[in-house]
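What follows is a short report on a single structure.
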Amino acid sequence: MGGGVGYRKDAFYRMGQFSHDHRRMVIALSLVVFFGLGSLIATGSEFTDAFDGDEMESYQAHHMITEAFASNESEGESGLSGGRGFRIIFAHDEWNATHPQFAEAVNLTLSGFSDAPTIDHILTPWNADSNLSSRHYSDDGSHMRIDIEFSANTDAKEAYRNIKDDIKCGDLLCWRTGDVAIDTTFDDRMVEDLIKAEMLAAPLTIILLIIVFSSIVAALLPVAISIPTVISGVGIIFWLSHQMDVNNYAMNIVSLIGIGVSIDYSLFIVNRFREELLNGHDKREALAITSATAGKAVFFSGVTVVIGLTGMLFFEGTGLPSMGIGGALAVALAVFFSTTFLMAILSILGENVNRLKVPFGMTQKTGSDGLWFKLADFVMRRPVLTLVPILILLIGAGAPFLNVQLGLGGIDLLAPDEEVRVGSEIQEEEWSDFGEAEIFIAIDLQGADRYSNETIDILHNFSASITERHDVSSVASIYYPTSDMNATTLKTIYSLPQDQHPVAIQELANATSTENVIIIRIVYLPEPGSPEAHTLVKDVRLMEDDIPFHGKVGGWAAISVDIIDEVYEKTPIAVTYILFCTGILVFIQVRSVLIPLKAMVMNILSLTASFGMLVYVFQEGHGFEDWMNFTPLSVDPTTPVIMFCIVFGLSMDYEVLMLSRIHEAYLETGDNTEAVRRGLQQTGRLITGAAAVMVVVFASFAIATVQIIKAIGLGLALAIAIDATLVRAIVVPATMRLMGDLNWWSPKWLAKWFPPHQPNIDESE
């Protein structure tokens with residue numbers, strides 16, 4: 001009944017014994033952690049779409065304007081502060097928007113929610129300033145838009161949710177859109193996508209686990225562990241959102257990773273426990289050995305995944321740090337509950353873990369006639385024949401990424417049939433002044449008189465030079481109110497007292513200037529996330545450097561440029577950190593220098609095809625947009641970073657599991673080929689099952705309505721599928737076969753500090 005003698009000095013072995021002997025205390029502690037962290041969900045969330053990248057020029061421009069126009073908040077003159085609101089677009093199949101019955105129907109709709117205490121005012125054609133009333137009607141008079149603004153101290157999103165169902169349009173067609181409606185839709189779709197993904201993944205995951213374990217009891221254990229992991233993780237994210245800026249995607253990342261890794265880790269542990277019971281150990285010894293083997297592998301795997309996720313911390317100002325923290329916490333919780341709560345449950349179940357067997361599951365034994373033995377044997381005998389075609393396939397699949405266009409998406413990230421997006425597109429079609437892409441320059445006059453002749457000359461000429469660009473539609477500032485007003489005319493106007501300036505110029509001055517800060521608005525022609533828009537931003541910044549005033553370029557295209565620059569700048573640092581830390585971790589486990597290096601290359605191969613898919617599917621379309629219901633866009637610059645940080649850690653997860661078995665076999669046999677064959681044979685079924693679960697969890701997010709979540713889910717699913725099949729089952733064993741005993745080489749100076757492991761199991765007992 002021996003087999004665990006060599007483990008007894010191992011801390012994980014003793015931890016397994018502790019979980020058995022003090023199972024009630026372990027379960028109680030786990031439940032306290034679960035309920036304590038889960039209860040934080042009650043605090044609510046304060047997710048944000050914007051992040052303070054202090055070093056980013058676009059954010060500095062925004063802060064400059066916000067501070068300069070703070071005094072105008074009550075009037076909302078700058079358009080950059082004050083209460084937030086939304087807009088309703090109305091239309092009718094027969095009536096023109098000026099038809100009396102059209103107006104009656106609009107008023108009837110407004111009466112259903114106009115008395116809500118959170119609404120500050122509703123702006124209609126009949127209560128607007130006479131100069132602005134025409135803006136409510138579309139160019140051809142067929143549509144009308146109404147603006148609703150909430151009080152400045154109101155939670156606008158919650159206020160919108162409370163009244164949106166009261167908007168009954170009767171005989172009219174209507175679309176709710178605008179600022180708050182769009183933001184709220186994004187938030188709500190995130191939650192709905194999460195629920196839909198979990199509802200889809202849960203039954204499929206249970207079915208897969210039943211097939212893997214051939215036992216309903218064993219299959220339900222990993223699912224049970226995922227529940228406290230995800231709920232606790234979401235609770236922490238909710239709490240963190242009150243302490244720091246947390247991306248609204250963070251909750252989906254916590255769920256996506258938390259479900260996947262908790263099920264994976266639980267699967268490894270349950271499988272090893274059943275294996276040790278099958279080997280004849282009593283449940284205490286089986287649990288201790290499980291902890292010393294699978295438990296230790298889970299711990300190190302968790303650390304590698306955390307290392308990958310913390311790589312996101314380098315990308316400040318992008319929202320990635322909060323996602324990295326959330327994902328890392330989810331993994332830490334998965335490790336905690338798998339190595340404590342699950343262990344204690346297994347100590348109670350014992351042999352009952354195999355109860356409720358099903359006839360269609362996989363066999364628990366690994367024999368010489370199984371698929372994985374045959375595959376291992378084939379790879380060992382023909383390593384070059386199997387390796388070269390797979391490498392060509394993976395590199396070819398990643399080739400489309402060479403054509404990647406990075407850029408931030410906007411409302412186009414929502415599904416094409418989403419109401420707020422349809423409303424926005426209708427405005428773009430029906431109102432010539434809507435949908436114009438815009439960047440702005442915030443200029444600090446540094447004490448200069450904004451109406452001096454010198455200032456007028458400099459900034460008028462600067463504005464005029466921008467209008468000469470082929471990609472610019474118009475420029476607006478107090479120094480360029482209209483294209484036909486030259487500097488001489490402006491000097492004459494601004495030499496007069498301000499109350500004698502033309503009304504239009506007074507309004508423009510109030511909205512775009514203070515004594516110290518001037519805003520120059522630039523309307524441009526390219527799409528905001530396009531390379532052409534990015535080129536415009538960079539060129540304008542270079543042009544601004546030639547004037548004697550301190551300016552900052554902001555706007556959506558400028559934010560896109562800054563985030564792309566941040567990604568390009570910080571990626572080498574983050575990748576170096578991830579590779580260095582994971583390399584050391586794998587070396588400590590297997591005491592080999594070459595295996596960690598090979599593992600890194602293999603993991604990068606897993607990512608090549610998924611990166612190529614991002615471009616092929618989500619940037620270029622190729623027909624996928626029709627049945628997946630999205631619009632092809634530039635790839636969000638943070639998406640490849642998210643995928644690299646997650647996939648690299650998870651790929652190393654499977655690498656660690658497989659290498660631990662190969663290393664174990666090598667220590668027993670001293671034969672590299674036999675060790676690789678045995679390691680693949682013993683872990684093939686388990687890795688395939690674990691990866692299948694992970695693929696189901698990730699792929700379920702491909703049904704999301706928000707394109708970036710759809711892309712991340714599908715990309716992760718593809719990367720894990722490739723890693724667990726082509727890479728882990730063929731490329732890794734083939735390269736290890738070709739390298740032979742060099743796999744286990746380590747320089748002598750390192751061997752002195754980190755001597756090779758000795759066999760863990762005393763076979764003499």
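FYI, nothing fancy with the structure tokens labels: chains A, B, ... in order, residues from 1 per chain, ligands from 1 as they appear.
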(request) Fewer than 4 positions away in the same chain doesn't count, so skip those; otherwise give me all residues within 6 Å of stretch 268-283 of chain A, counting only C-alpha atoms, as number ranges by chain. (result) A: 1, 287, 290, 294, 350
(request) Enumerate as a PyMOL selection string all residues of stretch 582-692 of chain A assigned to alpha helix (DSSP H) by DSSP on the backbone, naming them with the chain letters and numbers the document uses. (result) chain A and resi 582-590+594-613+624-628+638-669+672-692
(message) If we count only C-alpha atoms and set the cut-off at 10 Å, which residues sit around A:Thr205, ignoring sequence neighbours fewer than 6 positions away in its own chain? Please answer as a list of chain:residue names.
(response) A:Glu198, A:Ile211, A:Ala219, A:Leu220, A:Pro222, A:Val223, A:Gly260, A:Ile263, A:Gly689, A:Ala690, A:Ala692, A:Val693, A:Met694, A:Val695, A:Val696, A:Val697
Once you have the residues from the selection above, write them out as a PDB file, in the first residue's frame, restricted to C-alpha atoms.
```
ATOM      1  CA  GLU A 198     -22.531  30.768 -18.247  1.00  0.00           C
ATOM      2  CA  ILE A 211     -17.505  11.827 -20.083  1.00  0.00           C
ATOM      3  CA  ALA A 219     -17.966  15.424 -12.581  1.00  0.00           C
ATOM      4  CA  LEU A 220     -19.962  17.742 -10.333  1.00  0.00           C
ATOM      5  CA  PRO A 222     -15.142  20.820 -10.421  1.00  0.00           C
ATOM      6  CA  VAL A 223     -18.363  22.656 -11.219  1.00  0.00           C
ATOM      7  CA  GLY A 260     -12.005  27.833 -16.660  1.00  0.00           C
ATOM      8  CA  ILE A 263     -12.691  23.536 -13.277  1.00  0.00           C
ATOM      9  CA  GLY A 689     -10.579  16.838 -21.162  1.00  0.00           C
ATOM     10  CA  ALA A 690      -9.368  19.919 -19.299  1.00  0.00           C
ATOM     11  CA  ALA A 692     -12.193  20.795 -23.874  1.00  0.00           C
ATOM     12  CA  VAL A 693     -13.776  22.301 -20.773  1.00  0.00           C
ATOM     13  CA  MET A 694     -11.715  25.471 -21.153  1.00  0.00           C
ATOM     14  CA  VAL A 695     -12.597  25.730 -24.850  1.00  0.00           C
ATOM     15  CA  VAL A 696     -16.316  25.374 -24.061  1.00  0.00           C
ATOM     16  CA  VAL A 697     -16.088  28.086 -21.381  1.00  0.00           C
TER      17      VAL A 697
END
```
(message) Which residues are close to stretch 432-445 of chain A, i.e. within 6 Å by only C-alpha atoms, leaving aside same-chain residues fewer than 4 positions away? Reply as number ranges by chain.
(response) A: 61, 428, 516-524, 549-555
(request) List the neighbours of stretch 613-628 of chain A out to 12 Å using only C-alpha atoms; skip same-chain residues closer than 2 positions along the sequence, and give me the result as a VMD selection string. (result) chain A and resid 394 396 to 407 409 413 to 417 529 to 530 606 to 611 630 to 637 639 to 640 643 701 to 719
Go ahead and dump the residues you just picked, C-alpha atoms, as a PDB file, in the first residue's frame.
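Output file part_5.pdb follows:
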```pdb
ATOM      1  CA  LEU A 394       0.730  27.262 -37.146  1.00  0.00           C
ATOM      2  CA  GLY A 396       0.782  30.091 -41.754  1.00  0.00           C
ATOM      3  CA  ALA A 397      -2.326  30.508 -39.600  1.00  0.00           C
ATOM      4  CA  GLY A 398      -0.692  33.434 -37.830  1.00  0.00           C
ATOM      5  CA  ALA A 399       0.297  35.196 -41.075  1.00  0.00           C
ATOM      6  CA  PRO A 400      -2.837  37.436 -41.270  1.00  0.00           C
ATOM      7  CA  PHE A 401      -1.663  39.182 -38.098  1.00  0.00           C
ATOM      8  CA  LEU A 402       1.053  40.816 -40.198  1.00  0.00           C
ATOM      9  CA  ASN A 403      -1.763  42.953 -41.673  1.00  0.00           C
ATOM     10  CA  VAL A 404      -3.230  43.975 -38.316  1.00  0.00           C
ATOM     11  CA  GLN A 405      -4.690  47.468 -37.938  1.00  0.00           C
ATOM     12  CA  LEU A 406      -4.946  48.571 -34.331  1.00  0.00           C
ATOM     13  CA  GLY A 407      -7.576  51.086 -33.255  1.00  0.00           C
ATOM     14  CA  GLY A 409     -13.768  50.850 -31.431  1.00  0.00           C
ATOM     15  CA  LEU A 413     -18.515  47.317 -30.917  1.00  0.00           C
ATOM     16  CA  LEU A 414     -22.219  46.712 -30.236  1.00  0.00           C
ATOM     17  CA  ALA A 415     -24.261  44.442 -32.476  1.00  0.00           C
ATOM     18  CA  PRO A 416     -25.542  46.092 -35.693  1.00  0.00           C
ATOM     19  CA  ASP A 417     -29.166  45.685 -34.583  1.00  0.00           C
ATOM     20  CA  GLY A 529     -10.013  54.149 -35.352  1.00  0.00           C
ATOM     21  CA  SER A 530      -8.422  54.112 -38.805  1.00  0.00           C
ATOM     22  CA  SER A 606      -0.185  28.545 -29.611  1.00  0.00           C
ATOM     23  CA  LEU A 607      -0.874  32.244 -29.933  1.00  0.00           C
ATOM     24  CA  THR A 608       0.104  32.695 -33.575  1.00  0.00           C
ATOM     25  CA  ALA A 609      -3.016  31.114 -35.033  1.00  0.00           C
ATOM     26  CA  SER A 610      -5.358  32.927 -32.632  1.00  0.00           C
ATOM     27  CA  PHE A 611      -3.733  36.281 -33.438  1.00  0.00           C
ATOM     28  CA  PHE A 630     -20.760  41.998 -35.639  1.00  0.00           C
ATOM     29  CA  THR A 631     -19.090  44.695 -37.720  1.00  0.00           C
ATOM     30  CA  PRO A 632     -15.472  44.167 -38.883  1.00  0.00           C
ATOM     31  CA  LEU A 633     -13.286  46.769 -37.191  1.00  0.00           C
ATOM     32  CA  SER A 634      -9.695  47.549 -36.443  1.00  0.00           C
ATOM     33  CA  VAL A 635      -8.389  45.244 -33.712  1.00  0.00           C
ATOM     34  CA  ASP A 636      -8.584  46.830 -30.271  1.00  0.00           C
ATOM     35  CA  PRO A 637      -4.936  47.369 -29.208  1.00  0.00           C
ATOM     36  CA  THR A 639      -7.040  42.528 -27.221  1.00  0.00           C
ATOM     37  CA  PRO A 640      -3.735  40.891 -28.278  1.00  0.00           C
ATOM     38  CA  MET A 643      -4.925  37.132 -25.095  1.00  0.00           C
ATOM     39  CA  PHE A 701     -18.354  34.068 -24.799  1.00  0.00           C
ATOM     40  CA  ALA A 702     -18.323  34.128 -28.608  1.00  0.00           C
ATOM     41  CA  ILE A 703     -22.110  34.604 -28.422  1.00  0.00           C
ATOM     42  CA  ALA A 704     -21.573  37.953 -26.679  1.00  0.00           C
ATOM     43  CA  THR A 705     -23.140  41.042 -28.218  1.00  0.00           C
ATOM     44  CA  VAL A 706     -20.091  43.222 -27.514  1.00  0.00           C
ATOM     45  CA  GLN A 707     -17.537  42.558 -30.230  1.00  0.00           C
ATOM     46  CA  ILE A 708     -14.421  42.789 -28.059  1.00  0.00           C
ATOM     47  CA  ILE A 709     -15.726  40.083 -25.680  1.00  0.00           C
ATOM     48  CA  LYS A 710     -16.711  37.966 -28.693  1.00  0.00           C
ATOM     49  CA  ALA A 711     -13.188  38.303 -30.118  1.00  0.00           C
ATOM     50  CA  ILE A 712     -11.435  37.527 -26.830  1.00  0.00           C
ATOM     51  CA  GLY A 713     -13.643  34.496 -26.148  1.00  0.00           C
ATOM     52  CA  LEU A 714     -13.205  32.999 -29.599  1.00  0.00           C
ATOM     53  CA  GLY A 715      -9.494  33.810 -29.688  1.00  0.00           C
ATOM     54  CA  LEU A 716      -8.847  32.172 -26.324  1.00  0.00           C
ATOM     55  CA  ALA A 717     -10.883  29.108 -27.267  1.00  0.00           C
ATOM     56  CA  LEU A 718      -8.919  28.659 -30.487  1.00  0.00           C
ATOM     57  CA  ALA A 719      -5.565  29.190 -28.768  1.00  0.00           C
TER      58      ALA A 719
END
```
(request) Would you please extract all strand (DSSP E) residues from stretch 153-333 of chain A, as assigned by DSSP on the backbone, and give them as a PyMOL selection string? (result) chain A and resi 173-177
Those same residues - N, CA and C atoms - I'd like them written as a PDB file, in the first residue's frame.
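Dumped everything to again.pdb:
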```
ATOM      1  N   LEU A 173     -42.251  55.543 -34.470  1.00  0.00           N
ATOM      2  CA  LEU A 173     -41.048  54.734 -34.346  1.00  0.00           C
ATOM      3  C   LEU A 173     -40.060  55.531 -33.506  1.00  0.00           C
ATOM      4  N   CYS A 174     -39.324  54.885 -32.617  1.00  0.00           N
ATOM      5  CA  CYS A 174     -38.371  55.643 -31.810  1.00  0.00           C
ATOM      6  C   CYS A 174     -37.162  54.790 -31.449  1.00  0.00           C
ATOM      7  N   TRP A 175     -36.063  55.483 -31.223  1.00  0.00           N
ATOM      8  CA  TRP A 175     -34.805  54.827 -30.850  1.00  0.00           C
ATOM      9  C   TRP A 175     -34.164  55.632 -29.737  1.00  0.00           C
ATOM     10  N   ARG A 176     -33.847  54.954 -28.635  1.00  0.00           N
ATOM     11  CA  ARG A 176     -33.135  55.605 -27.530  1.00  0.00           C
ATOM     12  C   ARG A 176     -31.639  55.487 -27.795  1.00  0.00           C
ATOM     13  N   THR A 177     -30.932  56.598 -27.711  1.00  0.00           N
ATOM     14  CA  THR A 177     -29.498  56.584 -27.978  1.00  0.00           C
ATOM     15  C   THR A 177     -28.857  57.745 -27.219  1.00  0.00           C
TER      16      THR A 177
END
```
(request) Can you pull out every residue within 8 Å of A:Val379, counting only C-alpha atoms, but drop anything in the same chain fewer than 5 positions away, and send it as a count of residues only? (result) 4
Write out as an mmCIF file with N, CA and C atoms, in the first residue's frame the residues lying within 12 Å of A:Ser465, counting only C-alpha atoms and excluding same-chain residues fewer than 2 positions away.
```cif
data_model
loop_
_atom_site.group_PDB
_atom_site.id
_atom_site.type_symbol
_atom_site.label_atom_id
_atom_site.label_comp_id
_atom_site.auth_asym_id
_atom_site.auth_seq_id
_atom_site.Cartn_x
_atom_site.Cartn_y
_atom_site.Cartn_z
ATOM 1 N N ILE A 458 -0.960 84.181 -34.648
ATOM 2 C CA ILE A 458 -0.356 82.849 -34.513
ATOM 3 C C ILE A 458 -1.407 81.752 -34.636
ATOM 4 N N LEU A 459 -2.497 81.874 -33.870
ATOM 5 C CA LEU A 459 -3.470 80.787 -33.813
ATOM 6 C C LEU A 459 -4.418 80.792 -35.011
ATOM 7 N N HIS A 460 -4.626 81.950 -35.652
ATOM 8 C CA HIS A 460 -5.406 81.942 -36.894
ATOM 9 C C HIS A 460 -4.627 81.234 -37.994
ATOM 10 N N ASN A 461 -3.359 81.576 -38.127
ATOM 11 C CA ASN A 461 -2.534 80.930 -39.159
ATOM 12 C C ASN A 461 -2.397 79.432 -38.887
ATOM 13 N N PHE A 462 -2.277 79.086 -37.617
ATOM 14 C CA PHE A 462 -2.180 77.669 -37.249
ATOM 15 C C PHE A 462 -3.460 76.934 -37.629
ATOM 16 N N SER A 463 -4.622 77.517 -37.317
ATOM 17 C CA SER A 463 -5.911 76.903 -37.654
ATOM 18 C C SER A 463 -6.079 76.794 -39.165
ATOM 19 N N THR A 467 -6.736 73.440 -41.798
ATOM 20 C CA THR A 467 -7.864 73.291 -42.745
ATOM 21 C C THR A 467 -7.389 72.934 -44.143
ATOM 22 N N GLU A 468 -6.125 73.178 -44.444
ATOM 23 C CA GLU A 468 -5.606 72.875 -45.776
ATOM 24 C C GLU A 468 -5.380 71.383 -45.998
ATOM 25 N N ARG A 469 -5.442 70.612 -44.928
ATOM 26 C CA ARG A 469 -5.234 69.172 -45.058
ATOM 27 C C ARG A 469 -6.422 68.525 -45.768
ATOM 28 N N HIS A 470 -6.158 67.516 -46.580
ATOM 29 C CA HIS A 470 -7.219 66.846 -47.334
ATOM 30 C C HIS A 470 -8.113 65.986 -46.439
ATOM 31 N N VAL A 472 -9.154 66.877 -43.389
ATOM 32 C CA VAL A 472 -9.860 67.723 -42.427
ATOM 33 C C VAL A 472 -11.065 68.369 -43.100
ATOM 34 N N SER A 474 -13.335 70.606 -41.278
ATOM 35 C CA SER A 474 -13.473 71.987 -40.799
ATOM 36 C C SER A 474 -12.703 72.169 -39.496
ATOM 37 N N VAL A 475 -12.440 73.424 -39.178
ATOM 38 C CA VAL A 475 -11.775 73.793 -37.927
ATOM 39 C C VAL A 475 -12.598 74.895 -37.287
ATOM 40 N N TYR A 480 -10.779 81.072 -35.596
ATOM 41 C CA TYR A 480 -11.194 80.602 -36.928
ATOM 42 C C TYR A 480 -12.691 80.268 -36.878
ATOM 43 N N SER A 483 -14.499 80.065 -42.275
ATOM 44 C CA SER A 483 -13.381 80.000 -43.213
ATOM 45 C C SER A 483 -13.134 81.320 -43.935
ATOM 46 N N ILE A 522 -11.324 70.187 -34.418
ATOM 47 C CA ILE A 522 -10.984 69.781 -35.783
ATOM 48 C C ILE A 522 -11.907 68.633 -36.189
ATOM 49 N N ASP A 539 0.310 64.126 -36.964
ATOM 50 C CA ASP A 539 0.730 65.302 -37.729
ATOM 51 C C ASP A 539 0.341 66.594 -37.015
ATOM 52 N N VAL A 540 -0.867 66.623 -36.467
ATOM 53 C CA VAL A 540 -1.315 67.835 -35.760
ATOM 54 C C VAL A 540 -0.437 68.084 -34.539
ATOM 55 N N MET A 543 2.620 69.695 -35.760
ATOM 56 C CA MET A 543 2.349 71.082 -36.138
ATOM 57 C C MET A 543 2.229 71.962 -34.902
ATOM 58 N N GLU A 544 1.627 71.428 -33.858
ATOM 59 C CA GLU A 544 1.437 72.205 -32.631
ATOM 60 C C GLU A 544 2.770 72.539 -31.971
ATOM 61 N N ASP A 546 5.251 73.636 -33.322
ATOM 62 C CA ASP A 546 5.875 74.779 -33.991
ATOM 63 C C ASP A 546 5.311 76.125 -33.530
ATOM 64 N N ILE A 547 4.277 76.114 -32.679
ATOM 65 C CA ILE A 547 3.742 77.380 -32.182
ATOM 66 C C ILE A 547 4.240 77.599 -30.749
#
```
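Our summary of the geometry notes that atom CA of A:Ala699 is positioned 21.7 Å from atom CA of A:Gly302.
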(request) Have a look at A:Gln60, A:Ser138, A:Thr318, A:Asn510 and name the one nearest to A:Ile642; count only C-alpha atoms. (result) A:Thr318
(message) Ranking A:Gly649, A:Ile466, A:Gln589, A:Leu37 by minimum distance to A:Arg541 and counting only C-alpha atoms, which one comes first?
(response) A:Ile466
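From atom CA of A:Gly317 back to atom CA of A:Ser58, the distance works out to 10.8 Å.
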So that each row is one residue of stretch 647-762 of chain A with an atom at most 12 Å from stretch 568-584 of chain A, can you give its shortest atom pair and the distance in Å to one decimal, using only C-alpha atoms, rows by chain and rising number, as JSON lines?
```
{"residue": "A:Val647", "atom": "CA", "partner": "A:Ile578", "partner_atom": "CA", "distance": 11.7}
{"residue": "A:Phe648", "atom": "CA", "partner": "A:Ile578", "partner_atom": "CA", "distance": 8.5}
{"residue": "A:Gly649", "atom": "CA", "partner": "A:Thr582", "partner_atom": "CA", "distance": 8.4}
{"residue": "A:Leu650", "atom": "CA", "partner": "A:Thr582", "partner_atom": "CA", "distance": 11.5}
{"residue": "A:Ser651", "atom": "CA", "partner": "A:Thr582", "partner_atom": "CA", "distance": 11.2}
{"residue": "A:Met652", "atom": "CA", "partner": "A:Thr582", "partner_atom": "CA", "distance": 8.1}
{"residue": "A:Asp653", "atom": "CA", "partner": "A:Thr582", "partner_atom": "CA", "distance": 10.4}
{"residue": "A:Glu655", "atom": "CA", "partner": "A:Thr582", "partner_atom": "CA", "distance": 11.1}
{"residue": "A:Val656", "atom": "CA", "partner": "A:Thr582", "partner_atom": "CA", "distance": 10.3}
{"residue": "A:Leu750", "atom": "CA", "partner": "A:Ile584", "partner_atom": "CA", "distance": 11.9}
{"residue": "A:Phe754", "atom": "CA", "partner": "A:Ile584", "partner_atom": "CA", "distance": 11.5}
```
(request) Name the closest residue to A:Asn453 among the candidates A:Pro502, A:Thr489, A:Leu594, A:Asp155; distances are taken between atoms, counting only C-alpha atoms. (result) A:Thr489
(request) Please indicate the distance in Å from atom CA of A:Asp171 to atom CA of A:Asn96, rounded to one decimal place. (result) 13.0 Å
